Each structure stands twice: as structure tokens, then as C-alpha cells.
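Pasted below: coords-v4.cif, mmCIF, C-alpha atoms and all ligand atoms.
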data_target
#
loop_
_atom_site.label_atom_id
_atom_site.label_comp_id
_atom_site.auth_asym_id
_atom_site.auth_seq_id
_atom_site.Cartn_x
_atom_site.Cartn_y
_atom_site.Cartn_z
CA LEU A 14 0.00 0.00 0.00
CA ILE A 15 2.85 2.37 0.84
CA ALA A 16 4.25 1.65 -2.62
CA PHE A 17 1.02 2.90 -4.18
CA PHE A 18 1.43 6.26 -2.51
CA GLN A 19 5.13 6.65 -3.34
CA PRO A 20 5.54 9.68 -5.57
CA LYS A 21 6.75 8.54 -9.00
CA LEU A 22 10.01 10.45 -8.69
CA LEU A 23 11.83 8.28 -11.24
CA ALA A 24 9.07 7.95 -13.85
CA GLY A 25 10.57 7.64 -17.32
CA ARG A 26 14.04 6.81 -15.97
CA ARG A 27 15.96 3.55 -16.40
CA VAL A 28 18.00 2.39 -13.43
CA LEU A 29 20.69 -0.31 -13.51
CA ILE A 30 21.72 -1.86 -10.20
CA THR A 31 24.34 -4.43 -9.17
CA ALA A 32 23.77 -6.36 -5.95
CA GLY A 33 25.06 -9.19 -3.81
CA PRO A 34 28.47 -10.82 -3.67
CA THR A 35 30.34 -12.41 -6.53
CA PHE A 36 31.67 -15.98 -6.57
CA GLU A 37 35.15 -16.66 -7.92
CA ALA A 38 35.81 -20.29 -8.77
CA ILE A 39 38.90 -22.14 -7.54
CA ASP A 40 37.79 -25.42 -9.08
CA PRO A 41 34.38 -26.87 -10.06
CA VAL A 42 33.33 -27.36 -6.42
CA ARG A 43 35.07 -24.52 -4.57
CA GLY A 44 35.36 -20.78 -4.72
CA ILE A 45 35.84 -17.48 -2.96
CA THR A 46 32.97 -15.20 -2.06
CA ASN A 47 31.98 -12.72 0.67
CA LEU A 48 29.23 -12.08 3.20
CA SER A 49 27.14 -9.60 1.19
CA SER A 50 23.47 -10.63 1.38
CA GLY A 51 22.24 -8.43 -1.48
CA LYS A 52 19.49 -7.01 0.73
CA MET A 53 20.44 -3.34 0.27
CA GLY A 54 20.68 -3.61 -3.52
CA PHE A 55 17.39 -5.53 -3.77
CA ALA A 56 15.70 -2.92 -1.53
CA ILE A 57 16.99 -0.14 -3.81
CA ALA A 58 15.72 -2.02 -6.87
CA ARG A 59 12.30 -2.29 -5.25
CA ALA A 60 12.29 1.38 -4.19
CA ALA A 61 13.37 2.55 -7.65
CA ARG A 62 10.62 0.47 -9.24
CA GLU A 63 8.06 1.87 -6.79
CA ALA A 64 9.28 5.33 -7.80
CA GLY A 65 8.31 4.55 -11.40
CA ALA A 66 11.70 3.61 -12.87
CA GLU A 67 12.35 0.76 -15.29
CA VAL A 68 14.82 -1.30 -13.25
CA THR A 69 17.46 -3.84 -14.29
CA LEU A 70 19.07 -5.73 -11.41
CA VAL A 71 22.31 -7.66 -12.04
CA ALA A 72 22.64 -9.99 -9.07
CA GLY A 73 25.43 -12.20 -7.81
CA PRO A 74 24.54 -15.44 -5.99
CA VAL A 75 21.94 -14.47 -3.37
CA HIS A 76 18.85 -16.05 -1.87
CA LEU A 77 16.34 -13.26 -2.37
CA PRO A 78 13.11 -12.97 -4.34
CA THR A 79 13.09 -10.62 -7.32
CA PRO A 80 11.25 -7.38 -6.49
CA ARG A 81 8.00 -7.08 -8.43
CA GLY A 82 8.36 -5.54 -11.87
CA VAL A 83 12.17 -5.66 -11.85
CA ARG A 84 14.20 -7.28 -14.65
CA ARG A 85 16.81 -9.54 -13.04
CA ILE A 86 19.98 -10.97 -14.54
CA ASP A 87 21.84 -13.54 -12.43
CA VAL A 88 25.61 -13.86 -12.58
CA GLN A 89 28.31 -15.59 -10.55
CA SER A 90 31.70 -13.97 -11.04
CA ALA A 91 32.91 -10.37 -11.17
CA GLN A 92 33.89 -10.84 -14.81
CA GLN A 93 30.36 -12.08 -15.64
CA MET A 94 28.87 -9.12 -13.73
CA HIS A 95 31.13 -6.74 -15.67
CA ASP A 96 30.21 -8.37 -19.01
CA ALA A 97 26.47 -8.18 -18.17
CA VAL A 98 26.59 -4.56 -16.99
CA LEU A 99 28.79 -2.82 -19.56
CA PRO A 100 26.59 -3.35 -22.65
CA LEU A 101 23.49 -2.32 -20.64
CA ALA A 102 24.98 0.80 -19.06
CA ALA A 103 24.50 3.11 -22.04
CA GLN A 104 20.77 2.30 -22.10
CA HIS A 105 20.33 3.43 -18.49
CA GLY A 106 20.25 6.91 -16.99
CA VAL A 107 21.33 5.81 -13.53
CA PHE A 108 23.79 3.14 -12.35
CA ILE A 109 23.84 2.15 -8.67
CA ALA A 110 26.68 -0.22 -7.75
CA THR A 111 25.78 -1.93 -4.49
CA ALA A 112 27.47 -5.26 -5.28
CA ALA A 113 30.34 -6.44 -3.10
CA VAL A 114 32.45 -7.37 -6.10
CA ALA A 115 35.41 -9.65 -5.38
CA ASP A 116 38.56 -7.62 -5.93
CA TRP A 117 40.57 -10.67 -6.99
CA ARG A 118 39.90 -14.06 -8.57
CA PRO A 119 42.06 -17.18 -8.73
CA ALA A 120 44.28 -16.61 -11.75
CA ALA A 121 43.41 -19.99 -13.27
CA ALA A 122 40.42 -21.99 -12.03
CA ALA A 123 41.22 -25.70 -12.13
CA GLY A 124 39.08 -27.66 -14.60
CA GLU A 125 38.80 -30.58 -12.19
CA LYS A 126 38.41 -30.76 -8.44
CA ILE A 127 41.78 -30.25 -6.77
CA LYS A 128 42.63 -33.40 -4.77
CA LYS A 129 44.75 -33.82 -1.67
CA ASP A 130 47.81 -35.79 -2.67
CA GLY A 131 48.37 -37.18 0.82
CA SER A 132 51.69 -35.40 1.33
CA GLY A 133 50.27 -32.54 3.39
CA GLN A 134 51.19 -30.09 0.62
CA VAL A 135 48.70 -27.24 0.20
CA PRO A 136 47.82 -25.83 -3.23
CA ALA A 137 49.18 -22.38 -4.05
CA ILE A 138 46.44 -20.12 -5.39
CA GLY A 139 47.62 -17.13 -7.40
CA PHE A 140 45.26 -14.20 -7.87
CA THR A 141 44.38 -11.78 -10.67
CA GLU A 142 42.62 -8.44 -10.14
CA ASN A 143 39.01 -8.26 -11.31
CA PRO A 144 37.76 -5.42 -13.51
CA ASP A 145 36.33 -2.44 -11.60
CA ILE A 146 32.74 -2.35 -12.89
CA LEU A 147 31.80 0.99 -11.35
CA ALA A 148 34.94 2.75 -12.58
CA ALA A 149 34.43 1.29 -16.07
CA VAL A 150 30.82 2.55 -16.25
CA ALA A 151 31.86 5.96 -14.85
CA ARG A 152 34.40 6.29 -17.70
CA LEU A 153 31.79 5.70 -20.45
CA PRO A 154 31.27 8.87 -22.48
CA GLY A 155 27.67 10.01 -22.00
CA GLY A 156 27.18 7.18 -19.50
CA PRO A 157 24.66 7.01 -16.67
CA TYR A 158 24.67 9.00 -13.43
CA CYS A 159 26.80 6.75 -11.21
CA VAL A 160 26.29 5.99 -7.53
CA GLY A 161 28.88 3.87 -5.73
CA PHE A 162 28.76 2.17 -2.36
CA ALA A 163 31.57 1.89 0.14
CA ALA A 164 31.56 -0.59 3.01
CA GLU A 165 34.34 0.35 5.38
CA SER A 166 35.37 -1.05 8.74
CA HIS A 167 36.93 2.27 9.87
CA ASP A 168 37.29 5.95 8.86
CA LEU A 169 34.09 5.71 6.79
CA ALA A 170 33.85 9.36 5.74
CA ARG A 171 37.49 9.69 4.72
CA HIS A 172 37.52 6.43 2.74
CA ALA A 173 34.20 7.31 1.07
CA ARG A 174 35.54 10.73 0.03
CA GLU A 175 38.72 9.19 -1.40
CA LYS A 176 36.74 6.43 -3.16
CA ARG A 177 34.43 9.00 -4.77
CA LEU A 178 37.39 10.77 -6.34
CA ARG A 179 39.21 7.58 -7.31
CA LYS A 180 36.15 6.11 -9.06
CA GLY A 181 35.19 9.41 -10.67
CA VAL A 182 31.54 9.27 -9.55
CA PRO A 183 29.33 12.11 -8.26
CA LEU A 184 27.93 10.19 -5.28
CA ILE A 185 29.26 7.54 -2.91
CA VAL A 186 27.07 5.94 -0.27
CA GLY A 187 29.04 4.78 2.73
CA ASN A 188 28.00 2.18 5.24
CA VAL A 189 29.84 0.58 8.09
CA GLY A 190 30.66 -2.95 6.97
CA PRO A 191 30.91 -5.80 7.67
CA ALA A 192 28.52 -4.88 10.51
CA THR A 193 25.74 -4.31 7.95
CA PHE A 194 26.14 -7.55 5.95
CA GLY A 195 22.99 -9.64 6.18
CA LYS A 196 21.35 -7.24 8.64
CA ASP A 197 17.95 -5.68 8.09
CA ASP A 198 19.04 -2.29 9.43
CA ASN A 199 21.71 0.00 8.04
CA THR A 200 23.03 3.56 8.38
CA LEU A 201 24.07 5.41 5.24
CA LEU A 202 26.42 8.34 4.69
CA LEU A 203 25.91 10.21 1.41
CA VAL A 204 29.18 11.73 0.19
CA ASP A 205 29.21 14.14 -2.76
CA ALA A 206 31.33 17.06 -3.97
CA ASP A 207 29.70 19.38 -1.42
CA GLY A 208 30.18 17.23 1.67
CA GLU A 209 28.35 14.59 3.67
CA ARG A 210 24.82 13.85 4.80
CA ALA A 211 23.81 10.93 7.03
CA LEU A 212 20.60 8.97 6.58
CA PRO A 213 19.83 7.78 10.11
CA THR A 214 19.64 4.10 11.00
CA ALA A 215 16.54 2.44 9.62
CA ASP A 216 15.49 -0.75 7.87
CA LYS A 217 17.02 -1.17 4.41
CA LEU A 218 13.76 -0.53 2.51
CA THR A 219 13.20 2.78 4.32
CA LEU A 220 16.79 3.78 3.56
CA ALA A 221 16.43 2.63 -0.04
CA ARG A 222 13.37 4.85 -0.48
CA ALA A 223 15.21 7.82 1.05
CA LEU A 224 18.22 7.21 -1.19
CA VAL A 225 16.03 6.91 -4.30
CA ALA A 226 14.31 10.21 -3.40
CA ASP A 227 17.72 11.83 -2.91
CA ILE A 228 19.02 10.54 -6.26
CA ALA A 229 15.83 11.68 -8.03
CA GLN A 230 16.38 15.16 -6.65
CA ARG A 231 19.98 15.17 -7.87
CA LEU A 232 18.85 14.11 -11.37
CA GLY A 233 16.20 16.80 -11.33
CA THR A 234 18.66 19.54 -10.55
CA ALA A 235 21.29 18.12 -12.94
CA ALA A 236 18.87 18.08 -15.89
N1 LIG B 1 33.05 -2.05 -7.39
C1 LIG B 1 32.87 -2.51 -8.68
N2 LIG B 1 33.76 -3.42 -9.21
C2 LIG B 1 34.81 -3.83 -8.49
C3 LIG B 1 35.00 -3.37 -7.17
C4 LIG B 1 34.10 -2.48 -6.64
O1 LIG B 1 31.90 -2.12 -9.35
N3 LIG B 1 35.66 -4.70 -9.04
C5 LIG B 1 32.11 -1.05 -6.86
C6 LIG B 1 31.26 -1.54 -5.70
O2 LIG B 1 30.05 -2.10 -6.15
C7 LIG B 1 31.04 -0.26 -4.91
C8 LIG B 1 32.30 0.55 -5.17
O3 LIG B 1 32.87 0.02 -6.36
O4 LIG B 1 29.97 0.49 -5.43
C9 LIG B 1 33.30 0.51 -4.07
O5 LIG B 1 33.65 -0.82 -3.79
P1 LIG B 1 34.74 -1.11 -2.68
O6 LIG B 1 35.01 -2.56 -2.60
O7 LIG B 1 34.30 -0.39 -1.42
O8 LIG B 1 35.99 -0.30 -3.27
P2 LIG B 1 37.34 -0.77 -3.91
O9 LIG B 1 37.67 0.26 -4.95
O10 LIG B 1 37.28 -2.18 -4.37
O11 LIG B 1 38.38 -0.58 -2.73
P3 LIG B 1 38.65 -1.50 -1.39
O12 LIG B 1 37.88 -2.77 -1.51
O13 LIG B 1 40.13 -1.70 -1.36
O14 LIG B 1 38.17 -0.64 -0.23
CA CA B 2 36.69 -3.92 -3.02
#

I'd like the structure from this file rewritten - as C-alpha cells, please.
Amino acid sequence: LIAFFQPKLLAGRRVLITAGPTFEAIDPVRGITNLSSGKMGFAIARAAREAGAEVTLVAGPVHLPTPRGVRRIDVQSAQQMHDAVLPLAAQHGVFIATAAVADWRPAAAAGEKIKKDGSGQVPAIGFTENPDILAAVARLPGGPYCVGFAAESHDLARHAREKRLRKGVPLIVGNVGPATFGKDDNTLLLVDADGERALPTADKLTLARALVADIAQRLGTAA
């Protein structure tokens, strides 16, 4: 019912969102992932849809239902997420990167399950850096308005400010991770060129609606 009364602040806009963790294979039965639940990104997808946007959600492996009216594309690895997002980015006016993308992947995933050889020797896993999806979208000429997330364990505001400049995006949303992973509540810090504004602790859907309203206002004044 609340959704019905949401003002359609994003009517006519297309919003692309990444959410959840990524999974980086070591071999066919093992891999590296992280504790992101995807809840914040899915809540933003729902809130953007309620606000009248056409929403595409590129999701890593999560156990969450697809918000009503949202187009969902499931991926596993950071490379797959990158390859799904980049061709879609130009067709969207807004890109919100909430995914906890793995920074590194095993350099070469083994084709077969790695077996213990009985000697007590452990396998050496070398890593390769994954593409930075947000930075790649932010570099696209005429690309969407980009919103990044930053989960930091300490010095949230400083790291969020630095990240905003490094990624070349107008807005970074900071939250204190890993405390927020999997939780229903969150606290957000909006960091832009002018400074910082906190959205007080609330459930993720309430915060998602506040963030969507904030982004809509930014788009309105930018247009
Ligand atoms: N991000 C991305 N692709 C990556 C890494 C991060 O799109 N390969 C996005 C995230 O979705 C988030 C933002 O970039 O919106 C910041 O991610 P974060 O992990 O906090 O920043 P990093 O630049 O990876 O720095 P670090 O992990 O060292 O703090
Ligand atoms: Ca990272």
C-alpha cells in the first residue's frame, strides 16, 4: 500500500543496479565469495521500481526474491557481472553499484576438483585483479549518473571521500561494513562534492526509499 502512494520520482528513468556478492571459482566445487546478502541492492531495486523507474538488477549469488516488476539478470563472477553490466549501461540513466564485487579471482580456475595428494602439501592459489565495474561505467562517455557504495570497517567518511574521487563518480554511499552484511538495518552516509549527509539508522527498505528520493532530486537539478 505504501508503494502505491510513493511519488513517481523516477518515472521515465531507467535504473541499472548491481547487488550481492560475486563468486570466484577455484575449481568446479570450490570458490571465494563474501558475506554480502544483497538485501540493500534488492531494496533499492524495489524502491526505484516503486518510484516509477524501469529497473534492471544484475545480481550475484543471493537467496532473495526478485522485487515485483524488476528485470533480473543472475551472474556468478565479477567478470560475468562486468560483461552483463557494460553493454546495458549506455541504455540506463542511472547506475547504482551496491554489489560487493570480489577484488581478486584465482588466476586460473582448475578444470577438475583439486585433490589432496596425501603429502600434506597445500595448493598455491595465485590471484588476478578483477575489472572495476563501477569505474568502467563511470568512464563511459555520455554514460549514466553513477552511484557507488563503500563498506568500510573504519574511517568511513574519509575512505568514502577518497573512493568518490578515485572512481570518478558524483555520489558515494558509505556504510559501516561488515557490521551491515545480512542485517535488516543500516546507516548510510551520502558523500558528494559538497560534503556529507547521514541517513539515520533504519530498515534497508526505508533507507532505499530515502536514497532513491535523494538521487531523483539530484537528477532533477542536474537536468
Ligand atoms: N566495485 C565494482 N567493481 C569492483 C570493485 C568495486 O563495481 N571490481 C564497486 C562496488 O560495487 C562499490 C564501489 O565500487 O559500489 C566501491 O567498492 P569497494 O570494494 O568499497 O571499493 P574498492 O575500490 O574495491 O576498494 P577497497 O575494496 O580496497 O576498499
Ligand atoms: Ca573492493

Would you give me, as CSV, each residue of chain A having an atom within 10 Å of an atom of ligand CA 2 (chain B), along with its shortest atom pair and that distance in Å to one decimal, using all atoms listed in the file and sorting by chain and residue number?
residue,atom,partner,partner_atom,distance
A:Ala112,CA,B:CA2,CA,9.6
A:Ala113,CA,B:CA2,CA,6.8
A:Val114,CA,B:CA2,CA,6.3
A:Ala115,CA,B:CA2,CA,6.3
A:Asp116,CA,B:CA2,CA,5.1
A:Trp117,CA,B:CA2,CA,8.7
A:Asn143,CA,B:CA2,CA,9.6
A:Asp145,CA,B:CA2,CA,8.7
A:Ala163,CA,B:CA2,CA,8.4
A:Ala164,CA,B:CA2,CA,8.6
A:Glu165,CA,B:CA2,CA,9.7

Enclose all atoms of range 32-40 of chain A listed in the file in an axis-aligned box, grow every side by 3 Å, and hand back centre and edge lengths in Å to one decimal, as JSON.
{"center_x": 31.3, "center_y": -15.9, "center_z": -6.4, "size_x": 21.1, "size_y": 25.1, "size_z": 11.4}

Would you write out, as a Markdown table, a table of all residues in chain A that have an atom no more than 10 Å from an atom of ligand LIG 1 (chain B), listing for each the closest atom pair and the distance in Å to one decimal, considering only C-alpha atoms and all ligand atoms and ordering rows by chain and rising residue number?
| residue | atom | partner | partner_atom | distance |
| --- | --- | --- | --- | --- |
| A:Ile30 | CA | B:LIG1 | O2 | 9.3 |
| A:Thr31 | CA | B:LIG1 | O2 | 6.9 |
| A:Ala32 | CA | B:LIG1 | O2 | 7.6 |
| A:Gly33 | CA | B:LIG1 | O2 | 9.0 |
| A:Pro34 | CA | B:LIG1 | O2 | 9.2 |
| A:Thr35 | CA | B:LIG1 | N3 | 9.7 |
| A:Gly54 | CA | B:LIG1 | O2 | 9.8 |
| A:Ala91 | CA | B:LIG1 | N3 | 6.7 |
| A:Gln92 | CA | B:LIG1 | N3 | 8.6 |
| A:Met94 | CA | B:LIG1 | N2 | 8.8 |
| A:His95 | CA | B:LIG1 | N2 | 7.7 |
| A:Val98 | CA | B:LIG1 | O1 | 9.6 |
| A:Phe108 | CA | B:LIG1 | O4 | 9.6 |
| A:Ile109 | CA | B:LIG1 | O4 | 7.1 |
| A:Ala110 | CA | B:LIG1 | O4 | 4.1 |
| A:Thr111 | CA | B:LIG1 | O2 | 4.6 |
| A:Ala112 | CA | B:LIG1 | O2 | 4.2 |
| A:Ala113 | CA | B:LIG1 | O2 | 5.3 |
| A:Val114 | CA | B:LIG1 | C3 | 4.9 |
| A:Ala115 | CA | B:LIG1 | N3 | 6.2 |
| A:Asp116 | CA | B:LIG1 | N3 | 5.2 |
| A:Trp117 | CA | B:LIG1 | N3 | 8.0 |
| A:Glu142 | CA | B:LIG1 | N3 | 8.0 |
| A:Asn143 | CA | B:LIG1 | N3 | 5.4 |
| A:Pro144 | CA | B:LIG1 | N3 | 5.0 |
| A:Asp145 | CA | B:LIG1 | N3 | 3.5 |
| A:Ile146 | CA | B:LIG1 | O1 | 3.6 |
| A:Leu147 | CA | B:LIG1 | O1 | 3.7 |
| A:Ala148 | CA | B:LIG1 | O1 | 6.6 |
| A:Ala149 | CA | B:LIG1 | O1 | 7.9 |
| A:Val150 | CA | B:LIG1 | O1 | 8.4 |
| A:Ala151 | CA | B:LIG1 | O1 | 9.8 |
| A:Cys159 | CA | B:LIG1 | O4 | 9.1 |
| A:Val160 | CA | B:LIG1 | O4 | 6.9 |
| A:Gly161 | CA | B:LIG1 | O4 | 3.6 |
| A:Phe162 | CA | B:LIG1 | O4 | 3.7 |
| A:Ala163 | CA | B:LIG1 | O7 | 3.9 |
| A:Ala164 | CA | B:LIG1 | O7 | 5.2 |
| A:Glu165 | CA | B:LIG1 | O7 | 6.8 |
| A:Ser166 | CA | B:LIG1 | O14 | 9.4 |
| A:His172 | CA | B:LIG1 | O14 | 7.7 |
| A:Ala173 | CA | B:LIG1 | O7 | 8.1 |
| A:Glu175 | CA | B:LIG1 | O9 | 9.7 |
| A:Lys176 | CA | B:LIG1 | O9 | 6.5 |
| A:Arg177 | CA | B:LIG1 | C9 | 8.6 |
| A:Arg179 | CA | B:LIG1 | O9 | 7.8 |
| A:Lys180 | CA | B:LIG1 | O9 | 7.3 |
| A:Val182 | CA | B:LIG1 | C8 | 9.8 |
| A:Leu184 | CA | B:LIG1 | O4 | 9.9 |
| A:Ile185 | CA | B:LIG1 | O4 | 7.5 |
| A:Val186 | CA | B:LIG1 | O4 | 8.0 |
| A:Gly187 | CA | B:LIG1 | O7 | 8.5 |
| A:Asn188 | CA | B:LIG1 | O7 | 9.5 |
| A:Gly190 | CA | B:LIG1 | O7 | 9.5 |

Dump of C-alpha atoms for the selected residues, as a short mmCIF file (atom, residue, chain, number, x, y, z; two decimals), in the coordinates of the input:
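Produced file part.cif, reproduced below:
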data_model
loop_
_atom_site.label_atom_id
_atom_site.label_comp_id
_atom_site.auth_asym_id
_atom_site.auth_seq_id
_atom_site.Cartn_x
_atom_site.Cartn_y
_atom_site.Cartn_z
CA ILE A 30 21.72 -1.86 -10.20
CA THR A 31 24.34 -4.43 -9.17
CA ALA A 32 23.77 -6.36 -5.95
CA GLY A 33 25.06 -9.19 -3.81
CA PRO A 34 28.47 -10.82 -3.67
CA THR A 35 30.34 -12.41 -6.53
CA GLY A 54 20.68 -3.61 -3.52
CA ALA A 91 32.91 -10.37 -11.17
CA GLN A 92 33.89 -10.84 -14.81
CA MET A 94 28.87 -9.12 -13.73
CA HIS A 95 31.13 -6.74 -15.67
CA VAL A 98 26.59 -4.56 -16.99
CA PHE A 108 23.79 3.14 -12.35
CA ILE A 109 23.84 2.15 -8.67
CA ALA A 110 26.68 -0.22 -7.75
CA THR A 111 25.78 -1.93 -4.49
CA ALA A 112 27.47 -5.26 -5.28
CA ALA A 113 30.34 -6.44 -3.10
CA VAL A 114 32.45 -7.37 -6.10
CA ALA A 115 35.41 -9.65 -5.38
CA ASP A 116 38.56 -7.62 -5.93
CA TRP A 117 40.57 -10.67 -6.99
CA GLU A 142 42.62 -8.44 -10.14
CA ASN A 143 39.01 -8.26 -11.31
CA PRO A 144 37.76 -5.42 -13.51
CA ASP A 145 36.33 -2.44 -11.60
CA ILE A 146 32.74 -2.35 -12.89
CA LEU A 147 31.80 0.99 -11.35
CA ALA A 148 34.94 2.75 -12.58
CA ALA A 149 34.43 1.29 -16.07
CA VAL A 150 30.82 2.55 -16.25
CA ALA A 151 31.86 5.96 -14.85
CA CYS A 159 26.80 6.75 -11.21
CA VAL A 160 26.29 5.99 -7.53
CA GLY A 161 28.88 3.87 -5.73
CA PHE A 162 28.76 2.17 -2.36
CA ALA A 163 31.57 1.89 0.14
CA ALA A 164 31.56 -0.59 3.01
CA GLU A 165 34.34 0.35 5.38
CA SER A 166 35.37 -1.05 8.74
CA HIS A 172 37.52 6.43 2.74
CA ALA A 173 34.20 7.31 1.07
CA GLU A 175 38.72 9.19 -1.40
CA LYS A 176 36.74 6.43 -3.16
CA ARG A 177 34.43 9.00 -4.77
CA ARG A 179 39.21 7.58 -7.31
CA LYS A 180 36.15 6.11 -9.06
CA VAL A 182 31.54 9.27 -9.55
CA LEU A 184 27.93 10.19 -5.28
CA ILE A 185 29.26 7.54 -2.91
CA VAL A 186 27.07 5.94 -0.27
CA GLY A 187 29.04 4.78 2.73
CA ASN A 188 28.00 2.18 5.24
CA GLY A 190 30.66 -2.95 6.97
#

Quiz prompt | Straight-line distance linking CA of Gly181 in chain A with CA of Ala211 in chain A, stated in Å to one decimal | solution =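 One can read the CA of Gly181 in chain A to CA of Ala211 in chain A distance as 21.1 Å.
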
What are the closest atom pairs, with distances in Å to one decimal, for all residues of range 109-149 of chain A lying within 9 Å of range 42-46 of chain A? Consider only C-alpha atoms, order rows by chain and residue number, and present the result as a tab-separated table.
residue	atom	partner	partner_atom	distance
A:Val114	CA	A:Thr46	CA	8.8
A:Ala115	CA	A:Thr46	CA	6.9
A:Arg118	CA	A:Ile45	CA	7.7
A:Pro119	CA	A:Ile45	CA	8.5
A:Ala122	CA	A:Gly44	CA	9.0
A:Glu125	CA	A:Val42	CA	8.6
A:Lys126	CA	A:Val42	CA	6.4
A:Ile127	CA	A:Val42	CA	8.9

Exercise. Grab the CA of Pro213 in chain A to CA of Asn199 in chain A distance for me, in Å with one decimal place.
Key: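 Separation of CA of Pro213 in chain A and CA of Asn199 in chain A: 8.3 Å.
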
Quiz item: Thr214 in chain A: which residues within 8 Å, counting only C-alpha atoms, same-chain residues fewer than 5 positions away excluded, as JSON, numbers by chain?
Solution: {"A": [198, 199, 200, 201, 220]}
